[in-house]
$ cat entry03.cif   # mmCIF, C-alpha atoms and all ligand atoms
data_upload
#
loop_
_atom_site.label_atom_id
_atom_site.label_comp_id
_atom_site.auth_asym_id
_atom_site.auth_seq_id
_atom_site.Cartn_x
_atom_site.Cartn_y
_atom_site.Cartn_z
CA MET A 1 -25.87 -10.38 -15.16
CA GLY A 2 -23.35 -11.63 -12.64
CA ASN A 3 -22.75 -10.22 -9.20
CA LEU A 4 -21.56 -6.64 -9.28
CA GLN A 5 -19.69 -7.08 -6.03
CA GLN A 6 -18.65 -10.17 -4.16
CA PRO A 7 -19.89 -10.04 -0.56
CA ASN A 8 -18.19 -11.30 2.60
CA ALA A 9 -14.60 -10.29 1.84
CA ASN A 10 -13.14 -6.95 0.93
CA ASP A 11 -9.94 -5.03 1.47
CA ALA A 12 -12.00 -2.21 3.03
CA THR A 13 -12.94 -4.48 5.93
CA GLN A 14 -9.55 -6.21 5.86
CA THR A 15 -11.15 -9.56 5.16
CA SER A 16 -10.53 -12.30 2.63
CA ASN A 17 -11.77 -15.78 1.81
CA ARG A 18 -9.78 -18.84 2.76
CA SER A 19 -10.68 -20.55 -0.51
CA ARG A 20 -10.42 -19.46 -4.13
CA SER A 21 -13.87 -20.99 -4.74
CA VAL A 22 -16.60 -18.71 -3.44
CA VAL A 23 -20.41 -18.86 -3.61
CA PRO A 24 -21.33 -15.68 -5.53
CA CYS A 25 -24.46 -14.63 -3.63
CA SER A 26 -23.22 -15.27 -0.06
CA GLY A 27 -19.49 -14.86 -0.48
CA LEU A 28 -18.88 -17.96 1.64
CA CYS A 29 -16.17 -20.33 0.56
CA THR A 30 -17.58 -23.29 -1.33
CA ARG A 31 -16.21 -25.45 1.47
CA CYS A 32 -16.63 -23.56 4.75
CA MET A 33 -14.27 -25.52 7.03
CA ASP A 34 -14.74 -25.96 10.76
CA THR A 35 -10.95 -25.74 11.02
CA CYS A 36 -10.84 -22.35 9.25
CA ARG A 37 -8.60 -19.72 10.81
CA GLY A 38 -10.28 -16.93 8.87
CA ASN A 39 -10.61 -14.35 7.62
CA CYS A 40 -13.87 -13.59 5.84
CA GLU A 41 -16.44 -11.09 7.19
CA VAL A 42 -18.61 -13.86 8.65
CA PHE A 43 -15.59 -15.30 10.44
CA LYS A 44 -14.30 -11.98 11.73
CA SER A 45 -17.70 -10.64 12.80
CA SER A 46 -18.31 -13.77 14.89
CA PHE A 47 -15.57 -12.34 17.14
CA ARG A 48 -15.79 -8.60 16.58
CA GLY A 49 -19.49 -8.13 15.77
CA ARG A 50 -20.58 -5.14 13.70
CA GLU A 51 -17.24 -3.44 14.26
CA VAL A 52 -16.19 -5.30 11.09
CA ILE A 53 -18.41 -3.22 8.78
CA TYR A 54 -16.26 -0.14 9.44
CA PRO A 55 -13.46 0.21 6.90
CA GLY A 56 -10.16 0.27 8.70
CA PRO A 57 -7.77 1.02 10.13
CA PHE A 58 -9.78 4.11 11.06
CA GLY A 59 -7.97 7.39 10.56
CA GLU A 60 -5.37 5.97 8.21
CA MET A 61 -7.29 5.33 5.01
CA THR A 62 -10.11 6.38 2.73
CA ALA A 63 -12.46 3.68 1.46
CA GLY A 64 -14.25 3.60 -1.89
CA GLY A 65 -16.99 1.34 -3.19
CA ASP A 66 -15.69 -1.24 -5.65
CA LYS A 67 -19.03 -2.35 -7.08
CA ASP A 68 -18.39 -3.14 -10.74
CA TYR A 69 -21.29 -1.41 -12.48
CA PRO A 70 -22.23 -2.64 -15.96
CA ILE A 71 -21.84 0.91 -17.28
CA ASP A 72 -19.30 3.43 -16.08
CA TYR A 73 -17.27 6.37 -17.30
CA SER A 74 -14.76 4.06 -18.96
CA HIS A 75 -17.41 3.36 -21.60
CA LEU A 76 -17.34 6.98 -22.69
CA ASN A 77 -14.78 8.14 -25.19
CA ILE A 78 -13.76 11.71 -25.91
CA GLN A 79 -13.77 12.04 -29.68
CA GLY A 80 -11.33 14.42 -31.23
CA TYR A 81 -11.98 16.47 -34.34
CA ALA A 82 -9.87 17.70 -37.24
CA LEU A 83 -11.21 21.22 -37.65
CA GLY A 84 -13.40 23.83 -36.02
CA ALA A 85 -13.41 25.41 -32.55
CA LYS A 86 -16.04 26.43 -30.02
CA GLY A 87 -15.93 29.12 -27.39
CA LEU A 88 -13.91 31.74 -29.23
CA ALA A 89 -14.86 35.37 -28.83
CA GLU A 90 -17.75 36.61 -30.93
CA GLY A 91 -16.76 36.98 -34.57
CA VAL A 92 -13.36 35.30 -34.19
CA GLU A 93 -12.71 32.53 -36.65
CA GLY A 94 -10.77 29.50 -35.37
CA ASN A 95 -7.43 28.72 -37.01
CA PRO A 96 -4.37 26.59 -36.11
CA ASP A 97 -2.78 29.50 -34.21
CA ASN A 98 -5.63 30.70 -31.99
CA THR A 99 -6.85 27.24 -30.91
CA LEU A 100 -3.81 25.89 -29.07
CA PHE A 101 -4.90 23.97 -25.99
CA PRO A 102 -3.11 26.11 -23.34
CA MET A 103 -5.26 29.03 -24.57
CA VAL A 104 -8.42 27.36 -23.32
CA ASP A 105 -10.09 29.38 -20.58
CA THR A 106 -11.28 26.97 -17.88
CA GLU A 107 -12.47 29.72 -15.55
CA THR A 108 -15.98 29.45 -14.16
CA SER A 109 -18.05 30.92 -11.35
CA PHE A 110 -20.91 29.97 -9.08
CA GLY A 111 -23.47 31.81 -7.00
CA VAL A 112 -26.59 33.85 -7.63
CA THR A 113 -26.01 37.31 -6.18
CA ASN A 114 -22.46 37.13 -4.86
CA ARG A 115 -20.73 35.05 -7.50
CA ILE A 116 -17.33 33.54 -6.82
CA LYS A 117 -14.86 32.71 -9.57
CA MET A 118 -12.81 29.54 -9.87
CA ARG A 119 -9.79 28.85 -12.11
CA VAL A 120 -11.19 25.43 -13.01
CA PRO A 121 -14.62 23.95 -12.25
CA ILE A 122 -13.53 21.77 -9.34
CA PHE A 123 -14.63 21.40 -5.72
CA THR A 124 -13.02 19.05 -3.27
CA GLY A 125 -15.13 16.37 -1.65
CA ALA A 126 -16.35 17.35 1.81
CA LEU A 127 -13.50 16.90 4.26
CA GLY A 128 -15.16 16.65 7.62
CA SER A 129 -14.60 15.14 11.03
CA THR A 130 -12.78 11.99 9.97
CA GLU A 131 -9.24 11.69 11.26
CA ILE A 132 -7.87 11.27 7.74
CA ALA A 133 -9.47 14.59 6.71
CA ARG A 134 -8.17 16.37 9.80
CA LYS A 135 -4.64 15.07 9.31
CA HIS A 136 -4.41 16.01 5.64
CA TRP A 137 -6.42 19.22 5.69
CA ASP A 138 -3.46 21.50 5.02
CA SER A 139 -2.48 19.59 1.88
CA PHE A 140 -6.00 19.82 0.46
CA ALA A 141 -6.62 23.40 1.58
CA ILE A 142 -3.36 24.82 0.30
CA GLY A 143 -3.61 22.83 -2.93
CA ALA A 144 -7.16 24.08 -3.52
CA ALA A 145 -6.23 27.65 -2.61
CA ILE A 146 -3.25 27.93 -4.96
CA SER A 147 -5.23 26.24 -7.74
CA GLY A 148 -8.05 28.77 -7.46
CA VAL A 149 -10.73 26.18 -6.67
CA SER A 150 -13.12 25.75 -3.76
CA ILE A 151 -12.78 23.49 -0.76
CA VAL A 152 -15.62 21.97 1.23
CA CYS A 153 -15.26 21.51 4.98
CA GLY A 154 -17.61 18.73 6.10
CA GLU A 155 -19.89 18.43 9.09
CA ASN A 156 -19.13 17.86 12.75
CA VAL A 157 -15.70 19.51 12.67
CA CYS A 158 -16.59 21.74 15.62
CA GLY A 159 -18.58 19.03 17.37
CA ILE A 160 -15.67 16.60 17.66
CA ASP A 161 -12.96 19.15 18.37
CA PRO A 162 -11.30 18.33 21.73
CA GLY A 163 -10.58 22.05 22.13
CA LEU A 164 -14.20 23.09 21.56
CA GLU A 165 -15.52 25.77 23.90
CA ARG A 166 -19.24 26.43 24.32
CA ASP A 167 -21.33 28.98 26.17
CA SER A 168 -23.94 28.21 28.82
CA SER A 169 -26.54 27.41 26.14
CA GLY A 170 -24.23 24.93 24.43
CA LYS A 171 -23.32 27.14 21.46
CA VAL A 172 -19.81 27.21 20.01
CA THR A 173 -17.64 30.08 21.17
CA HIS A 174 -14.26 28.71 20.10
CA ALA A 175 -13.40 25.80 17.79
CA PRO A 176 -9.64 25.72 17.16
CA ASP A 177 -9.70 23.10 14.41
CA MET A 178 -12.32 24.94 12.36
CA LYS A 179 -10.36 28.16 12.80
CA ARG A 180 -7.17 26.42 11.66
CA ARG A 181 -8.93 25.02 8.60
CA VAL A 182 -10.38 28.35 7.51
CA GLU A 183 -7.09 30.15 8.06
CA ALA A 184 -5.03 27.55 6.17
CA TYR A 185 -7.19 27.97 3.06
CA ARG A 186 -7.42 31.76 3.33
CA ARG A 187 -3.68 32.18 3.78
CA TYR A 188 -2.92 30.81 0.32
CA ARG A 189 -6.11 31.78 -1.49
CA GLU A 190 -5.69 33.90 -4.58
CA ASP A 191 -7.86 36.97 -4.22
CA GLY A 192 -11.19 36.54 -5.99
CA TYR A 193 -10.83 32.84 -6.79
CA GLY A 194 -12.34 29.93 -4.88
CA ASP A 195 -14.00 29.83 -1.51
CA ILE A 196 -14.31 27.63 1.56
CA LEU A 197 -17.76 26.10 2.03
CA VAL A 198 -18.62 24.89 5.53
CA GLN A 199 -21.25 22.20 5.81
CA MET A 200 -23.86 21.92 8.52
CA ASN A 201 -25.95 19.01 9.70
CA VAL A 202 -28.44 18.69 12.56
CA GLU A 203 -25.78 18.58 15.28
CA ASP A 204 -23.86 21.53 13.76
CA THR A 205 -27.07 23.56 13.66
CA ARG A 206 -27.76 22.79 17.32
CA LEU A 207 -24.19 23.75 18.24
CA GLY A 208 -24.46 27.10 16.42
CA VAL A 209 -21.71 26.34 13.89
CA ALA A 210 -23.09 28.80 11.32
CA GLU A 211 -23.14 31.64 13.84
CA TYR A 212 -19.55 30.87 14.84
CA CYS A 213 -18.23 30.45 11.29
CA VAL A 214 -19.96 33.44 9.74
CA GLU A 215 -19.76 35.90 12.61
CA LYS A 216 -16.39 34.98 14.17
CA LEU A 217 -14.40 33.46 11.29
CA GLY A 218 -15.90 35.43 8.40
CA VAL A 219 -16.90 32.35 6.42
CA GLU A 220 -18.95 33.48 3.43
CA THR A 221 -20.47 30.22 2.18
CA MET A 222 -22.50 27.84 4.34
CA GLU A 223 -23.65 24.53 2.95
CA LEU A 224 -26.78 22.73 4.06
CA LYS A 225 -26.60 18.99 3.90
CA TRP A 226 -29.21 16.31 3.34
CA GLY A 227 -27.60 13.21 4.77
CA GLN A 228 -23.94 12.62 5.49
CA GLY A 229 -21.44 9.92 6.28
CA ALA A 230 -23.21 6.60 5.89
CA LYS A 231 -26.41 8.48 4.91
CA CYS A 232 -29.34 7.21 7.04
CA ILE A 233 -26.91 5.73 9.58
CA GLY A 234 -24.88 8.94 9.72
CA GLY A 235 -21.78 7.04 10.81
CA GLU A 236 -18.46 8.67 10.15
CA ILE A 237 -15.90 8.42 12.85
CA LYS A 238 -14.58 6.25 15.63
CA VAL A 239 -12.86 7.23 18.84
CA ASP A 240 -10.63 5.00 20.90
CA SER A 241 -10.98 6.49 24.37
CA LEU A 242 -13.85 6.28 26.84
CA ASP A 243 -13.45 9.93 27.81
CA ARG A 244 -13.77 11.06 24.18
CA ALA A 245 -16.80 8.83 23.69
CA LEU A 246 -18.49 10.34 26.78
CA GLU A 247 -17.56 13.84 25.65
CA LEU A 248 -19.14 13.33 22.21
CA GLN A 249 -22.23 11.81 23.80
CA SER A 250 -22.53 14.87 26.05
CA ARG A 251 -22.37 17.08 22.93
CA GLY A 252 -25.49 15.39 21.58
CA TYR A 253 -24.09 12.69 19.31
CA LEU A 254 -25.28 9.10 19.13
CA VAL A 255 -22.32 7.05 20.35
CA THR A 256 -22.35 3.26 20.14
CA PRO A 257 -21.93 1.15 22.14
CA ASP A 258 -23.33 3.42 24.86
CA PRO A 259 -20.28 4.72 26.76
CA SER A 260 -22.47 5.61 29.77
CA ASP A 261 -23.44 1.99 30.26
CA PRO A 262 -21.38 0.51 33.14
CA ALA A 263 -21.24 -2.86 31.33
CA VAL A 264 -19.78 -1.17 28.23
CA GLN A 265 -17.31 0.74 30.37
CA ALA A 266 -16.19 -2.51 32.00
CA ALA A 267 -15.86 -4.16 28.57
CA PHE A 268 -13.77 -1.22 27.33
CA ARG A 269 -11.45 -1.45 30.33
CA ALA A 270 -11.10 -5.18 29.72
CA THR A 271 -10.25 -4.34 26.03
CA ALA A 272 -13.17 -6.37 24.68
CA ILE A 273 -14.38 -3.06 23.20
CA LYS A 274 -11.59 -1.02 21.67
CA GLN A 275 -13.43 1.80 19.90
CA PHE A 276 -16.72 3.70 19.89
CA GLU A 277 -18.67 4.84 16.83
CA ARG A 278 -20.04 8.36 16.58
CA HIS A 279 -23.16 8.80 14.47
CA SER A 280 -25.21 11.85 13.55
CA ARG A 281 -28.89 12.39 12.86
CA LEU A 282 -31.09 12.29 9.80
CA GLY A 283 -32.30 15.83 9.09
CA PHE A 284 -35.98 15.23 8.18
CA VAL A 285 -36.16 18.07 5.68
CA ASP A 286 -39.40 19.89 4.96
CA GLU A 287 -40.03 22.64 2.46
CA GLU A 288 -40.92 25.52 4.77
CA GLY A 289 -38.13 24.58 7.18
CA PHE A 290 -35.63 24.53 4.32
CA TYR A 291 -36.59 28.01 3.11
CA ALA A 292 -36.50 29.31 6.68
CA GLU A 293 -33.02 27.87 7.26
CA VAL A 294 -31.69 29.39 4.02
CA GLN A 295 -33.07 32.76 5.09
CA ARG A 296 -31.65 32.36 8.61
CA LEU A 297 -28.17 31.77 7.17
CA ARG A 298 -28.50 34.80 4.89
CA ASP A 299 -29.65 36.91 7.82
CA LEU A 300 -26.58 35.77 9.77
CA GLY A 301 -24.47 37.27 7.00
CA ALA A 302 -23.65 34.28 4.77
CA LYS A 303 -23.03 35.63 1.26
CA ARG A 304 -23.78 32.27 -0.30
CA VAL A 305 -25.89 29.32 0.83
CA THR A 306 -25.47 26.01 -0.94
CA LEU A 307 -27.03 22.56 -0.68
CA LYS A 308 -25.50 19.13 -1.03
CA THR A 309 -27.65 16.03 -1.20
CA GLY A 310 -26.72 12.39 -1.11
CA ALA A 311 -27.40 9.82 -3.83
CA TYR A 312 -31.10 9.81 -3.06
CA PRO A 313 -34.03 8.46 -5.08
CA MET A 314 -36.25 10.55 -7.36
CA ARG A 315 -38.40 12.07 -4.59
CA GLU A 316 -35.48 13.71 -2.78
CA LEU A 317 -33.79 14.63 -6.07
CA ALA A 318 -36.92 16.45 -7.24
CA MET A 319 -37.29 18.15 -3.85
CA ALA A 320 -33.66 19.29 -3.93
CA ILE A 321 -33.88 20.77 -7.44
CA LYS A 322 -37.23 22.47 -6.88
CA TRP A 323 -36.62 23.84 -3.40
CA ALA A 324 -33.08 24.94 -4.28
CA SER A 325 -34.45 26.83 -7.29
CA ASN A 326 -37.25 28.43 -5.28
CA ALA A 327 -34.85 29.51 -2.54
CA LYS A 328 -32.33 30.75 -5.16
CA ILE A 329 -29.52 28.98 -3.42
CA ASP A 330 -26.07 29.48 -4.86
CA LEU A 331 -25.04 25.93 -5.67
CA LEU A 332 -26.66 22.50 -5.61
CA THR A 333 -24.35 19.49 -5.44
CA ILE A 334 -25.76 16.03 -6.07
CA ASP A 335 -23.26 13.66 -4.55
S1 LIG A 401 -15.18 -19.05 7.75
FE1 LIG A 401 -13.33 -19.56 6.58
S2 LIG A 401 -13.91 -21.25 5.26
FE2 LIG A 401 -15.80 -20.36 6.03
S3 LIG A 401 -16.38 -18.86 4.44
FE3 LIG A 401 -15.17 -17.75 5.94
S4 LIG A 401 -13.05 -17.83 5.19
FE4 LIG A 401 -14.22 -19.39 4.11
#

$ encode --input "entry03.cif" --output "structure tokens" --more "lines below"
Ligand code: SF4
Amino acid sequence: MGNLQQPNANDATQTSNRSRSVVPCSGLCTRCMDTCRGNCEVFKSSFRGREVIYPGPFGEMTAGGDKDYPIDYSHLNIQGYALGAKGLAEGVEGNPDNTLFPMVDTETSFGVTNRIKMRVPIFTGALGSTEIARKHWDSFAIGAAISGVSIVCGENVCGIDPGLERDSSGKVTHAPDMKRRVEAYRRYREDGYGDILVQMNVEDTRLGVAEYCVEKLGVETMELKWGQGAKCIGGEIKVDSLDRALELQSRGYLVTPDPSDPAVQAAFRATAIKQFERHSRLGFVDEEGFYAEVQRLRDLGAKRVTLKTGAYPMRELAMAIKWASNAKIDLLTID
């Protein structure tokens, strides 16, 4: 089996090889020239360090993985059939007149006790604190609302909001961007169809995002999250001002390079450092803690509690399915 993805050059990192001949396992050009003017990842990172691993330009694009798996959905084929129909009402026989495709009912619902209907079985991906998600929220929210499907608001939306207000114990009292997001979806939502799910990670929990969303904004569905962004690294966003970096650090986020370090501050002023990365924490889930958190959210007034997990190995997958079943959560998404 050949390489599934060529390393060392990718449009996501805005890098490319000088030569057409490339060593498959390293991604280096077959002739790596001392006169090269770039621009592979090795070349670029010798100047810009780990900054290169971030897809860019930040805030203006969405990156996908282009690993070419040996099996993918393109190998599946939907086979048609010449007669017969499924899903008709009890006792109704299919015929050419009652099986026209616009008659198909795509409606579905999710939830255990407080079920919510959807026109079609679609959720958006989680649109969280990235700049691209913030900028295009209205398009997604209104589109989801008028289509009768659900939208997922990702983590850290309150935590990175420049307009965030907190009380003396650090809990959210006002988060204008979260409020805007909830209102944009609600304004166009067809009654009874679709819902907005708000995700929570460690930092959101510490900031009291659930209390704010459920009690002040009337959000009905809170989503717990096992891992986010770059999973164990938890990297999602960048900021390009020292003040913003210090602000996020003061709100409990891991910010790299350390904006409190005088040497880093001097490097930023000299433009050697242009941006800071904001990372969030790994949750360290445990069974009793999970059940307690689900109950806490229900006690706050959340009508539905859902769980989304990352692409984890078998251990976490088994934990997610078993614990979610035991806690009777309303939806489990395996991402
Ligand atoms: S430094 Fe230049 S020549 Fe060497 S692998 Fe990178 S792009 Fe190719």

$ residues_near_point --input "entry03.cif" --point "(-15.7, 19.0, 14.5)" --cutoff "12 Å" --atoms "all atoms listed in the file" --output "ChimeraX atom specification"
/A:127-131,133-134,153-165,172,174-181,198-201,203-204,207,209,236-237,248,251,253,278,280

$ atom_distance --input "entry03.cif" --atom1 "atom CA of A:Asn8" --atom2 "atom CA of A:Ser241"
29.0 Å

$ closest_residue --input "entry03.cif" --among "A:Leu217, A:Ile151, A:Ala9, A:Leu28" --to "ligand LIG 401 (chain A)" --atoms "only C-alpha atoms and all ligand atoms"
A:Leu28

$ axis_aligned_box --input "entry03.cif" --around "ligand LIG 401 (chain A)" --padding-each-side "3 Å" --output "lines of an AutoDock Vina configuration file"
center_x = -14.7
center_y = -19.5
center_z = 5.9
size_x = 9.3
size_y = 9.5
size_z = 9.6

$ residues_near_ligand --input "entry03.cif" --ligand "ligand LIG 401 (chain A)" --cutoff "6 Å" --atoms "all atoms listed in the file" --output "list in words"
Asn17, Arg18, Ser19, Leu28, Cys29, Cys32, Met33, Cys36, Gly38, Asn39, Cys40, Val42 and Phe43 of chain A

$ atom_distance --input "entry03.cif" --atom1 "atom CA of A:Ser46" --atom2 "atom CA of A:Leu4"
25.4 Å

$ residues_around --input "entry03.cif" --residues "A:Gly227" --least-positions-apart "2" --cutoff "12 Å" --atoms "only C-alpha atoms" --output "number ranges by chain"
A: 154-155, 199-203, 224-225, 229-236, 279-285, 307-312, 316, 334-335

$ atom_distance --input "entry03.cif" --atom1 "atom CA of A:Val149" --atom2 "atom CA of A:Gly301"
22.3 Å
